[in-house]
file model27.csv (CSV, C-alpha atoms and all ligand atoms)
chain,number,residue,atom,x,y,z
W,1,MET,CA,112.2,22.9,78.0
W,2,ALA,CA,109.6,25.7,78.4
W,3,ARG,CA,106.1,24.8,77.5
W,4,GLN,CA,105.0,26.0,74.0
W,5,THR,CA,102.6,28.9,73.8
W,6,VAL,CA,99.1,28.5,72.2
W,7,PHE,CA,97.1,31.6,71.2
W,8,SER,CA,93.6,31.8,69.8
W,9,GLY,CA,90.7,34.2,69.5
W,10,ILE,CA,86.9,34.4,68.9
W,11,GLN,CA,84.7,37.3,67.9
W,12,PRO,CA,82.0,38.1,70.4
W,13,THR,CA,79.2,38.4,68.0
W,14,GLY,CA,76.5,36.7,70.1
W,15,ASN,CA,76.1,33.4,68.4
W,16,ILE,CA,78.7,30.9,69.3
W,17,HIS,CA,77.7,27.8,67.4
W,18,ILE,CA,78.7,24.1,67.2
W,19,GLY,CA,81.0,24.9,64.1
W,20,ASN,CA,83.1,27.2,66.4
W,21,TYR,CA,83.1,24.4,69.0
W,22,LEU,CA,83.9,21.5,66.8
W,23,GLY,CA,86.4,23.4,64.6
W,24,ALA,CA,88.3,25.3,67.2
W,25,LEU,CA,87.0,25.6,70.8
W,26,ARG,CA,87.2,22.0,71.8
W,27,ASN,CA,90.9,22.1,70.9
W,28,TRP,CA,91.3,25.2,73.0
W,29,VAL,CA,90.1,23.2,76.0
W,30,ALA,CA,92.1,20.1,75.2
W,31,LEU,CA,95.4,22.0,74.6
W,32,GLN,CA,95.3,23.4,78.1
W,33,ALA,CA,96.6,20.1,79.4
W,34,GLU,CA,100.0,20.6,77.7
W,35,TYR,CA,100.5,24.1,76.6
W,36,ASP,CA,100.7,27.6,78.0
W,37,CYS,CA,97.4,28.9,76.5
W,38,ILE,CA,96.2,32.4,75.8
W,39,TYR,CA,92.7,32.9,74.7
W,40,CYS,CA,91.2,36.2,73.7
W,41,VAL,CA,87.7,37.5,73.0
W,42,VAL,CA,88.5,39.7,70.1
W,43,ASP,CA,86.2,42.7,70.5
W,44,LEU,CA,88.4,45.0,68.3
W,45,HIS,CA,87.9,42.5,65.4
W,46,ALA,CA,84.2,42.4,66.0
W,47,ILE,CA,83.7,46.1,65.5
W,48,THR,CA,84.9,45.9,61.9
W,49,VAL,CA,81.3,45.2,61.2
W,50,PRO,CA,78.7,47.4,62.9
W,51,GLN,CA,77.8,46.4,66.4
W,52,ASP,CA,75.2,48.0,68.6
W,53,PRO,CA,77.0,49.9,71.4
W,54,ALA,CA,74.1,49.3,73.7
W,55,THR,CA,74.2,45.5,73.4
W,56,PHE,CA,77.8,44.8,72.5
W,57,PRO,CA,79.0,44.7,76.2
W,58,ALA,CA,76.5,42.0,76.9
W,59,ASP,CA,77.5,40.0,73.8
W,60,ARG,CA,81.1,40.2,74.8
W,61,HIS,CA,80.3,39.1,78.3
W,62,ASP,CA,78.3,36.2,77.0
W,63,ALA,CA,81.0,35.0,74.7
W,64,ALA,CA,83.4,34.9,77.7
W,65,LYS,CA,80.8,33.0,79.7
W,66,VAL,CA,80.4,30.4,76.9
W,67,LEU,CA,84.2,29.9,76.8
W,68,LEU,CA,84.3,29.4,80.6
W,69,ALA,CA,81.4,27.0,80.4
W,70,MET,CA,83.1,24.9,77.8
W,71,GLY,CA,86.1,24.5,80.0
W,72,VAL,CA,88.5,27.3,79.3
W,73,ASP,CA,90.1,27.3,82.8
W,74,PRO,CA,91.3,30.7,84.0
W,75,THR,CA,93.5,29.1,86.6
W,76,ARG,CA,95.5,27.5,83.8
W,77,SER,CA,95.0,29.8,80.8
W,78,LEU,CA,94.8,33.5,80.2
W,79,LEU,CA,91.4,34.7,79.1
W,80,TYR,CA,90.7,38.4,78.4
W,81,TYR,CA,89.1,41.0,76.1
W,82,GLN,CA,91.4,42.1,73.4
W,83,SER,CA,90.7,45.8,73.8
W,84,ARG,CA,91.8,45.7,77.4
W,85,VAL,CA,95.4,44.9,76.2
W,86,PRO,CA,96.5,47.9,74.1
W,87,GLN,CA,99.7,46.2,72.9
W,88,HIS,CA,97.6,44.3,70.4
W,89,ALA,CA,96.6,47.5,68.5
W,90,GLU,CA,100.1,48.9,68.7
W,91,LEU,CA,101.8,45.8,67.3
W,92,SER,CA,99.1,45.7,64.6
W,93,TRP,CA,100.1,49.2,63.5
W,94,ILE,CA,103.8,48.3,63.3
W,95,LEU,CA,103.0,45.1,61.3
W,96,SER,CA,100.8,47.1,59.0
W,97,THR,CA,103.8,49.0,57.8
W,98,ILE,CA,105.3,45.8,56.4
W,99,ALA,CA,102.0,44.2,55.2
W,100,SER,CA,101.5,44.2,51.4
W,101,THR,CA,98.3,45.7,50.2
W,102,GLY,CA,98.3,43.2,47.4
W,103,GLN,CA,98.3,40.3,49.8
W,104,LEU,CA,95.6,41.8,52.0
W,105,SER,CA,93.4,42.4,48.9
W,106,ARG,CA,93.5,38.6,48.2
W,107,MET,CA,92.2,37.5,51.6
W,108,THR,CA,89.0,35.6,50.9
W,109,GLN,CA,87.3,36.6,54.1
W,110,PHE,CA,87.9,40.3,53.4
W,111,LYS,CA,86.4,39.8,49.9
W,112,ASP,CA,83.4,38.0,51.2
W,113,LYS,CA,82.7,40.5,54.0
W,114,ALA,CA,83.4,43.6,51.9
W,115,ASP,CA,80.9,42.3,49.4
W,116,LYS,CA,78.2,41.9,52.0
W,117,ALA,CA,78.9,44.8,54.4
W,118,GLY,CA,80.7,47.3,52.3
W,119,SER,CA,84.4,47.9,52.9
W,120,ASN,CA,86.2,49.9,55.6
W,121,LEU,CA,89.8,50.2,56.5
W,122,GLY,CA,89.4,48.0,59.7
W,123,LEU,CA,87.9,45.2,57.7
W,124,TYR,CA,90.9,45.4,55.3
W,125,ALA,CA,93.4,45.5,58.2
W,126,TYR,CA,91.6,42.7,60.1
W,127,PRO,CA,94.2,40.0,59.3
W,128,VAL,CA,97.1,42.2,60.4
W,129,LEU,CA,95.5,42.7,63.8
W,130,MET,CA,95.0,38.9,63.9
W,131,ALA,CA,98.7,38.5,63.1
W,132,ALA,CA,99.5,40.9,65.9
W,133,ASP,CA,97.4,38.9,68.4
W,134,ILE,CA,99.3,35.8,67.6
W,135,LEU,CA,102.8,37.3,67.4
W,136,LEU,CA,102.5,39.6,70.4
W,137,PHE,CA,102.9,36.5,72.7
W,138,ARG,CA,105.3,34.7,70.3
W,139,ALA,CA,102.7,31.9,70.0
W,140,ASP,CA,104.0,28.6,68.6
W,141,ALA,CA,100.6,27.1,67.7
W,142,VAL,CA,97.1,28.4,66.9
W,143,PRO,CA,94.0,26.2,67.1
W,144,VAL,CA,91.5,27.4,64.5
W,145,GLY,CA,89.0,26.1,61.9
W,146,GLU,CA,89.8,25.7,58.3
W,147,ASP,CA,88.5,29.2,57.4
W,148,GLN,CA,91.4,30.9,59.3
W,149,LYS,CA,94.2,29.1,57.4
W,150,GLN,CA,94.8,31.9,55.0
W,151,HIS,CA,95.1,34.4,57.9
W,152,LEU,CA,97.7,32.1,59.5
W,153,GLU,CA,99.7,32.1,56.3
W,154,LEU,CA,99.7,35.8,56.3
W,155,THR,CA,100.8,35.8,59.9
W,156,ARG,CA,103.7,33.6,59.1
W,157,ASP,CA,104.6,35.8,56.1
W,158,LEU,CA,104.6,38.9,58.3
W,159,ALA,CA,106.7,37.2,61.0
W,160,GLU,CA,109.2,36.2,58.4
W,161,ARG,CA,109.4,39.6,56.8
W,162,PHE,CA,109.7,41.3,60.2
W,163,ASN,CA,112.5,38.9,61.2
W,164,ALA,CA,114.4,39.4,57.9
W,165,ARG,CA,114.2,43.2,58.2
W,166,PHE,CA,114.6,43.9,61.9
W,167,GLY,CA,116.2,40.7,63.3
W,168,PRO,CA,114.9,37.4,64.7
W,169,GLU,CA,112.0,38.2,67.0
W,170,PHE,CA,109.0,36.0,66.1
W,171,PRO,CA,108.6,32.2,65.9
W,172,LEU,CA,106.5,31.1,62.9
W,173,PRO,CA,103.2,29.9,64.3
W,174,GLU,CA,101.7,26.6,63.2
W,175,PRO,CA,97.9,26.3,62.8
W,176,ILE,CA,96.2,23.4,64.7
W,177,ILE,CA,93.3,22.4,62.4
W,178,PRO,CA,91.3,19.2,63.3
W,179,LYS,CA,91.0,16.4,60.7
W,180,THR,CA,87.2,16.3,61.0
W,181,GLY,CA,85.1,19.3,62.1
W,182,ALA,CA,87.4,21.9,60.7
W,183,ARG,CA,84.6,23.2,58.4
W,184,ILE,CA,81.1,22.5,59.7
W,185,MET,CA,78.6,23.5,57.0
W,186,SER,CA,75.3,25.4,57.2
W,187,LEU,CA,72.3,23.2,58.0
W,188,GLN,CA,70.4,25.0,55.3
W,189,ASP,CA,73.1,25.1,52.6
W,190,PRO,CA,75.8,22.5,52.9
W,191,ALA,CA,77.9,24.4,50.3
W,192,ASN,CA,78.5,27.2,52.8
W,193,LYS,CA,80.1,27.0,56.2
W,194,MET,CA,78.0,27.4,59.4
W,195,SER,CA,78.4,31.1,60.3
W,196,LYS,CA,77.5,33.4,63.1
W,197,SER,CA,76.4,36.1,60.6
W,198,ASP,CA,74.1,33.9,58.4
W,199,PRO,CA,70.8,35.8,58.4
W,200,ASP,CA,68.9,32.5,58.7
W,201,PRO,CA,69.1,31.2,62.3
W,202,GLU,CA,68.0,27.7,61.1
W,203,SER,CA,71.4,27.4,59.5
W,204,ARG,CA,73.2,26.9,62.7
W,205,ILE,CA,73.0,25.3,66.2
W,206,LEU,CA,74.1,27.5,69.0
W,207,ILE,CA,75.9,26.2,72.1
W,208,LEU,CA,73.0,27.5,74.3
W,209,ASP,CA,70.1,26.2,72.1
W,210,ASP,CA,67.5,24.2,73.9
W,211,ALA,CA,66.6,20.6,73.0
W,212,ALA,CA,63.5,21.4,71.0
W,213,THR,CA,65.4,23.9,68.8
W,214,ILE,CA,68.2,21.5,68.2
W,215,GLN,CA,65.7,18.7,67.2
W,216,ARG,CA,63.9,21.1,64.8
W,217,ARG,CA,67.0,22.4,63.2
W,218,VAL,CA,68.5,18.9,62.6
W,219,LYS,CA,65.2,17.6,61.4
W,220,ARG,CA,64.9,20.4,58.9
W,221,ALA,CA,68.6,20.3,57.8
W,222,VAL,CA,68.9,20.1,54.1
W,223,THR,CA,70.0,16.6,53.0
W,224,ASP,CA,70.8,15.0,49.8
W,225,SER,CA,68.6,13.0,47.5
W,226,GLY,CA,68.5,9.2,48.3
W,227,GLY,CA,68.1,7.8,51.7
W,228,GLU,CA,71.4,6.2,52.4
W,229,VAL,CA,73.7,7.4,55.2
W,230,ARG,CA,77.1,7.5,53.6
W,231,TYR,CA,80.2,9.6,54.1
W,232,ASP,CA,80.8,11.2,50.8
W,233,TRP,CA,81.3,15.0,50.7
W,234,ALA,CA,81.0,15.2,46.9
W,235,ALA,CA,77.7,13.3,46.5
W,236,LYS,CA,76.2,13.8,50.0
W,237,PRO,CA,77.4,17.0,51.6
W,238,GLY,CA,74.4,17.4,53.8
W,239,ILE,CA,74.6,13.9,55.3
W,240,SER,CA,78.4,14.0,55.5
W,241,ASN,CA,78.1,17.2,57.5
W,242,LEU,CA,75.7,15.6,60.0
W,243,MET,CA,77.9,12.5,60.2
W,244,GLU,CA,80.9,14.6,61.2
W,245,MET,CA,78.8,16.3,63.9
W,246,TYR,CA,77.6,12.9,65.2
W,247,GLY,CA,81.1,11.4,65.1
W,248,LEU,CA,82.6,14.3,67.0
W,249,PHE,CA,80.0,14.3,69.7
W,250,THR,CA,79.9,10.5,70.2
W,251,GLY,CA,83.4,9.3,69.2
W,252,ALA,CA,82.0,7.1,66.5
W,253,SER,CA,84.0,6.7,63.3
W,254,MET,CA,82.5,7.4,59.8
W,255,ASP,CA,82.6,3.6,59.1
W,256,GLN,CA,80.8,2.9,62.3
W,257,ILE,CA,78.1,5.4,61.6
W,258,GLU,CA,77.6,3.9,58.1
W,259,ALA,CA,77.3,0.4,59.7
W,260,ASP,CA,74.8,1.6,62.3
W,261,PHE,CA,72.6,3.9,60.2
W,262,GLY,CA,73.5,3.2,56.5
W,263,GLY,CA,70.2,1.8,55.3
W,264,GLY,CA,67.9,3.0,58.1
W,265,GLY,CA,66.8,6.2,56.3
W,266,TYR,CA,67.6,9.8,57.1
W,267,GLY,CA,64.8,10.2,59.7
W,268,ARG,CA,66.3,7.7,62.2
W,269,PHE,CA,69.8,9.1,61.7
W,270,LYS,CA,68.7,12.7,62.2
W,271,GLY,CA,67.0,11.8,65.4
W,272,ALA,CA,70.3,10.2,66.7
W,273,VAL,CA,72.3,13.3,65.6
W,274,ALA,CA,70.0,15.6,67.5
W,275,GLU,CA,70.2,13.5,70.6
W,276,ALA,CA,74.0,13.4,70.4
W,277,ILE,CA,74.2,17.1,70.1
W,278,ILE,CA,71.8,17.7,72.9
W,279,ALA,CA,73.7,15.3,75.2
W,280,GLY,CA,77.1,16.9,74.1
W,281,LEU,CA,76.0,20.4,74.9
W,282,ALA,CA,74.1,19.7,78.1
W,283,PRO,CA,77.2,19.9,80.4
W,284,MET,CA,78.2,23.3,78.9
W,285,GLN,CA,74.7,24.6,79.3
W,286,GLN,CA,74.6,23.6,82.9
W,287,ALA,CA,78.0,25.1,83.6
W,288,TYR,CA,76.9,28.3,81.8
W,289,ARG,CA,73.9,28.7,84.1
W,290,ALA,CA,76.0,28.2,87.2
W,291,LEU,CA,78.4,31.1,86.4
W,292,ASP,CA,78.2,34.2,88.4
W,293,ASP,CA,78.2,37.4,86.2
W,294,ALA,CA,80.3,39.5,88.6
W,295,GLU,CA,82.8,36.8,89.0
W,296,VAL,CA,83.1,36.4,85.2
W,297,ASP,CA,83.8,40.2,84.9
W,298,ARG,CA,86.4,39.9,87.6
W,299,LEU,CA,88.1,36.9,85.9
W,300,LEU,CA,88.3,38.8,82.6
W,301,GLU,CA,89.8,41.9,84.1
W,302,GLU,CA,92.3,39.9,86.0
W,303,GLY,CA,93.2,38.1,82.8
W,304,ALA,CA,93.7,41.4,81.0
W,305,ALA,CA,96.0,42.7,83.8
W,306,VAL,CA,98.2,39.6,83.5
W,307,ALA,CA,98.2,39.8,79.7
W,308,ARG,CA,99.2,43.5,79.7
W,309,GLU,CA,102.1,42.7,82.1
W,310,ARG,CA,103.2,39.8,80.0
W,311,ALA,CA,102.9,41.6,76.7
W,312,GLU,CA,104.8,44.8,77.7
W,313,PRO,CA,108.4,43.4,77.7
W,314,LEU,CA,107.7,41.5,74.5
W,315,GLN,CA,106.3,44.6,72.9
W,316,GLN,CA,109.2,46.7,74.1
W,317,ALA,CA,111.5,44.3,72.3
W,318,VAL,CA,109.6,45.0,69.1
W,319,ARG,CA,109.8,48.8,69.7
W,320,ARG,CA,113.6,48.4,70.0
W,321,ARG,CA,113.9,46.3,66.9
W,322,VAL,CA,112.1,49.0,64.8
W,323,GLY,CA,113.9,51.9,66.5
W,324,LEU,CA,111.0,53.2,68.5
W,325,ALA,CA,112.8,52.6,71.8
W,326,VAL,CA,116.4,52.3,72.8
W,401,LIG,P1,85.5,33.4,64.5
W,401,LIG,O1,85.1,34.2,65.7
W,401,LIG,O2,84.8,33.6,63.2
W,401,LIG,O3,85.5,31.9,64.8
W,401,LIG,C1,86.1,31.3,66.0
W,401,LIG,C2,86.7,30.0,65.6
W,401,LIG,O4,85.7,29.1,65.1
W,401,LIG,C3,86.2,28.6,63.8
W,401,LIG,N1,85.0,28.4,63.0
W,401,LIG,C4,84.6,27.2,62.4
W,401,LIG,N2,85.2,26.0,62.5
W,401,LIG,C5,84.5,25.0,61.9
W,401,LIG,N3,83.4,25.1,61.1
W,401,LIG,C6,82.8,26.4,61.0
W,401,LIG,N4,81.7,26.5,60.3
W,401,LIG,C7,83.4,27.5,61.7
W,401,LIG,N5,83.1,28.8,61.8
W,401,LIG,C8,84.1,29.3,62.6
W,401,LIG,C9,87.1,29.6,63.3
W,401,LIG,O5,88.0,29.1,62.3
W,401,LIG,C10,87.8,30.1,64.5
W,401,LIG,O6,88.9,29.3,64.8
W,401,LIG,N6,89.6,35.8,62.8
W,401,LIG,C11,89.1,34.9,63.9
W,401,LIG,C12,89.3,35.4,65.3
W,401,LIG,C13,90.7,35.8,65.7
W,401,LIG,C14,91.8,34.8,65.9
W,401,LIG,C15,92.9,35.6,66.3
W,401,LIG,C16,91.9,33.5,65.8
W,401,LIG,C17,91.2,37.0,65.9
W,401,LIG,N7,92.5,36.9,66.3
W,401,LIG,C18,94.1,35.1,66.5
W,401,LIG,C19,93.1,32.9,66.1
W,401,LIG,C20,94.3,33.7,66.5
W,401,LIG,C21,87.6,34.7,63.7
W,401,LIG,O7,87.0,35.5,63.1
W,401,LIG,O8,87.1,33.6,64.3
call {"tool": "encode", "arguments": {"input": "model27.csv", "output": "structure tokens"}}
result
Amino acid sequence: MARQTVFSGIQPTGNIHIGNYLGALRNWVALQAEYDCIYCVVDLHAITVPQDPATFPADRHDAAKVLLAMGVDPTRSLLYYQSRVPQHAELSWILSTIASTGQLSRMTQFKDKADKAGSNLGLYAYPVLMAADILLFRADAVPVGEDQKQHLELTRDLAERFNARFGPEFPLPEPIIPKTGARIMSLQDPANKMSKSDPDPESRILILDDAATIQRRVKRAVTDSGGEVRYDWAAKPGISNLMEMYGLFTGASMDQIEADFGGGGYGRFKGAVAEAIIAGLAPMQQAYRALDDAEVDRLLEEGAAVARERAEPLQQAVRRRVGLAV
């Protein structure tokens, strides 16, 4: 049987953080062992909020470097910039003609972002482009964090509607969402997810942060009243968030962490969390520094060329289905 296809994407907005890593990117790396993986730096999505044209190319390049440093392996997987593969935008347009504006208006990410940034048509159509990304390559599975679940549901709805109207073309993709780490919360406000766009840099830990920064941010992380290290999202969201991070970087279970740190106070636990994160990120930071920029550019261009070639017959099948090609 042919290997199943995995697709996922990340916006190159400069600040790849441990939420991205624990929620999605570590699965990107792991899935390469078994699946045919396609990973995309989604620059067309990123420009739905204003980007500085002078610095955007460097941000995009940097996101690609972080992915390579984490272990996305271009000899096994496809890795490219979305805008270099025009079939994404073309399929997005076709899918937009069957997307319901009612459903798009209910997307929580759209509502959040439109509140903050003011709305534009691209922001509204964002989930349709995301569906196109996934459906273009007929992906079976999509490793993402919890916040993308609603977008995956829309993707499945669009695939079903297309298949019903034009004939069976798209498989219905399944999200791959981890049991722990799917929603890493802000260090400054455990009621909100850790986010690249949070104006407070103390709210997140970036993959490339140095040891002193990580120690400071964990130490200052907002925790709950009382001093007991216990896994309880309702009563202790700040500590539960740190416990998930510690567990994912060290392999310790929540029970184990409670046994080791339960009564020892927050200070001792926070020190251990910082050390675990520093140790977990160190190999990625080393790999990042060893990458050659020209070689990274070459790899991404090569990835885009292969992706275009692979996408074209698939997109031609879509054109035939809708009557745009014979
Ligand atoms: P983006 O760039 O916001 O985030 C990349 C991935 O990181 C996950 N993530 C988190 N996981 C856990 N805790 C957090 N605090 C956290 N913050 C982010 C996201 O769920 C995501 O998996 N719309 C997507 C990009 C995209 C895409 C696609 C994804 C475009 N096309 C096709 C999958 C398939 C996004 O904005 O991700």
call {"tool": "residues_around", "arguments": {"input": "model27.csv", "residues": "segment 176-179 of chain W", "least_positions_apart": "5", "cutoff": "12 Å", "atoms": "only C-alpha atoms", "output": "PyMOL selection string"}}
result
chain W and resi 6-8+19-28+30-31+139-149+152+184+244+247-248
call {"tool": "write_last_selection", "arguments": {"input": "model27.csv", "atoms": "C-alpha atoms", "output": "compact mmCIF listing (two decimals), in the frame of the given file"}}
result
# COMPACT_ATOMS: atom_id res chain seq x y z
CA VAL W 6 99.10 28.50 72.20
CA PHE W 7 97.10 31.60 71.20
CA SER W 8 93.60 31.80 69.80
CA GLY W 19 81.00 24.90 64.10
CA ASN W 20 83.10 27.20 66.40
CA TYR W 21 83.10 24.40 69.00
CA LEU W 22 83.90 21.50 66.80
CA GLY W 23 86.40 23.40 64.60
CA ALA W 24 88.30 25.30 67.20
CA LEU W 25 87.00 25.60 70.80
CA ARG W 26 87.20 22.00 71.80
CA ASN W 27 90.90 22.10 70.90
CA TRP W 28 91.30 25.20 73.00
CA ALA W 30 92.10 20.10 75.20
CA LEU W 31 95.40 22.00 74.60
CA ALA W 139 102.70 31.90 70.00
CA ASP W 140 104.00 28.60 68.60
CA ALA W 141 100.60 27.10 67.70
CA VAL W 142 97.10 28.40 66.90
CA PRO W 143 94.00 26.20 67.10
CA VAL W 144 91.50 27.40 64.50
CA GLY W 145 89.00 26.10 61.90
CA GLU W 146 89.80 25.70 58.30
CA ASP W 147 88.50 29.20 57.40
CA GLN W 148 91.40 30.90 59.30
CA LYS W 149 94.20 29.10 57.40
CA LEU W 152 97.70 32.10 59.50
CA ILE W 184 81.10 22.50 59.70
CA GLU W 244 80.90 14.60 61.20
CA GLY W 247 81.10 11.40 65.10
CA LEU W 248 82.60 14.30 67.00
call {"tool": "axis_aligned_box", "arguments": {"input": "model27.csv", "around": "ligand LIG 401 (chain W)", "padding_each_side": "6 Å", "output": "JSON"}}
result
{"center_x": 88.0, "center_y": 31.0, "center_z": 63.4, "size_x": 24.6, "size_y": 24.0, "size_z": 18.2}
call {"tool": "residues_near_point", "arguments": {"input": "model27.csv", "point": "(66.3, 6.6, 52.9)", "cutoff": "6 Å", "atoms": "only C-alpha atoms", "output": "list of chain:residue names"}}
result
W:Gly226, W:Gly227, W:Glu228, W:Gly265, W:Tyr266
call {"tool": "closest_residue", "arguments": {"input": "model27.csv", "among": "W:Phe137, W:Ser225, W:Ala304, W:Tyr81", "to": "Pro57 of chain W", "atoms": "all atoms listed in the file"}}
result
W:Tyr81
call {"tool": "atom_distance", "arguments": {"input": "model27.csv", "atom1": "atom CA of Trp93 of chain W", "atom2": "atom CA of Leu136 of chain W"}}
result
12.1 Å
call {"tool": "closest_residue", "arguments": {"input": "model27.csv", "among": "W:Ile94, W:Leu44, W:Ala89, W:Met185", "to": "ligand LIG 401 (chain W)", "atoms": "all atoms listed in the file"}}
result
W:Met185
call {"tool": "atom_distance", "arguments": {"input": "model27.csv", "atom1": "atom O7 of ligand LIG 401 (chain W)", "atom2": "atom CA of Ala182 of chain W"}}
result
13.8 Å
call {"tool": "closest_residue", "arguments": {"input": "model27.csv", "among": "W:Val85, W:Ile98, W:Leu324, W:Leu79", "to": "Arg161 of chain W", "atoms": "only C-alpha atoms"}}
result
W:Ile98
call {"tool": "closest_residue", "arguments": {"input": "model27.csv", "among": "W:Ser195, W:Thr101, W:Thr155, W:Gln286", "to": "ligand LIG 401 (chain W)", "atoms": "all atoms listed in the file"}}
result
W:Ser195
call {"tool": "closest_residue", "arguments": {"input": "model27.csv", "among": "W:His151, W:Tyr231, W:Asp224, W:Gly71", "to": "Val29 of chain W", "atoms": "all atoms listed in the file"}}
result
W:Gly71
call {"tool": "atom_distance", "arguments": {"input": "model27.csv", "atom1": "atom CA of Leu281 of chain W", "atom2": "atom CA of Glu174 of chain W"}}
result
28.9 Å
call {"tool": "closest_residue", "arguments": {"input": "model27.csv", "among": "W:Glu275, W:Tyr124, W:Thr250, W:Ala290", "to": "Asp112 of chain W", "atoms": "all atoms listed in the file"}}
result
W:Tyr124
call {"tool": "residues_around", "arguments": {"input": "model27.csv", "residues": "Val273 of chain W", "least_positions_apart": "6", "cutoff": "8 Å", "atoms": "only C-alpha atoms", "output": "ChimeraX atom specification"}}
result
/W:218,242-243,245-246
call {"tool": "write_last_selection", "arguments": {"input": "model27.csv", "atoms": "C-alpha atoms", "output": "PDB file, in the frame of the given file"}}
result
ATOM      1  CA  VAL W 218      68.500  18.900  62.600  1.00  0.00           C
ATOM      2  CA  LEU W 242      75.700  15.600  60.000  1.00  0.00           C
ATOM      3  CA  MET W 243      77.900  12.500  60.200  1.00  0.00           C
ATOM      4  CA  MET W 245      78.800  16.300  63.900  1.00  0.00           C
ATOM      5  CA  TYR W 246      77.600  12.900  65.200  1.00  0.00           C
TER       6      TYR W 246
END
call {"tool": "residues_around", "arguments": {"input": "model27.csv", "residues": "Leu187 of chain W", "least_positions_apart": "3", "cutoff": "12 Å", "atoms": "only C-alpha atoms", "output": "VMD selection string"}}
result
chain W and resid 17 to 19 184 190 to 195 198 200 to 206 214 216 to 224 237 to 242 245 270
call {"tool": "residues_around", "arguments": {"input": "model27.csv", "residues": "Asp292 of chain W", "least_positions_apart": "3", "cutoff": "12 Å", "atoms": "only C-alpha atoms", "output": "list in words"}}
result
His61, Asp62, Ala64, Lys65, Leu68, Ala69, Ala287, Tyr288, Arg289, Glu295, Val296, Asp297, Arg298 and Leu299 of chain W
call {"tool": "write_last_selection", "arguments": {"input": "model27.csv", "atoms": "C-alpha atoms", "output": "PDB file, keeping the file's coordinate frame"}}
result
ATOM      1  CA  HIS W  61      80.300  39.100  78.300  1.00  0.00           C
ATOM      2  CA  ASP W  62      78.300  36.200  77.000  1.00  0.00           C
ATOM      3  CA  ALA W  64      83.400  34.900  77.700  1.00  0.00           C
ATOM      4  CA  LYS W  65      80.800  33.000  79.700  1.00  0.00           C
ATOM      5  CA  LEU W  68      84.300  29.400  80.600  1.00  0.00           C
ATOM      6  CA  ALA W  69      81.400  27.000  80.400  1.00  0.00           C
ATOM      7  CA  ALA W 287      78.000  25.100  83.600  1.00  0.00           C
ATOM      8  CA  TYR W 288      76.900  28.300  81.800  1.00  0.00           C
ATOM      9  CA  ARG W 289      73.900  28.700  84.100  1.00  0.00           C
ATOM     10  CA  GLU W 295      82.800  36.800  89.000  1.00  0.00           C
ATOM     11  CA  VAL W 296      83.100  36.400  85.200  1.00  0.00           C
ATOM     12  CA  ASP W 297      83.800  40.200  84.900  1.00  0.00           C
ATOM     13  CA  ARG W 298      86.400  39.900  87.600  1.00  0.00           C
ATOM     14  CA  LEU W 299      88.100  36.900  85.900  1.00  0.00           C
TER      15      LEU W 299
END
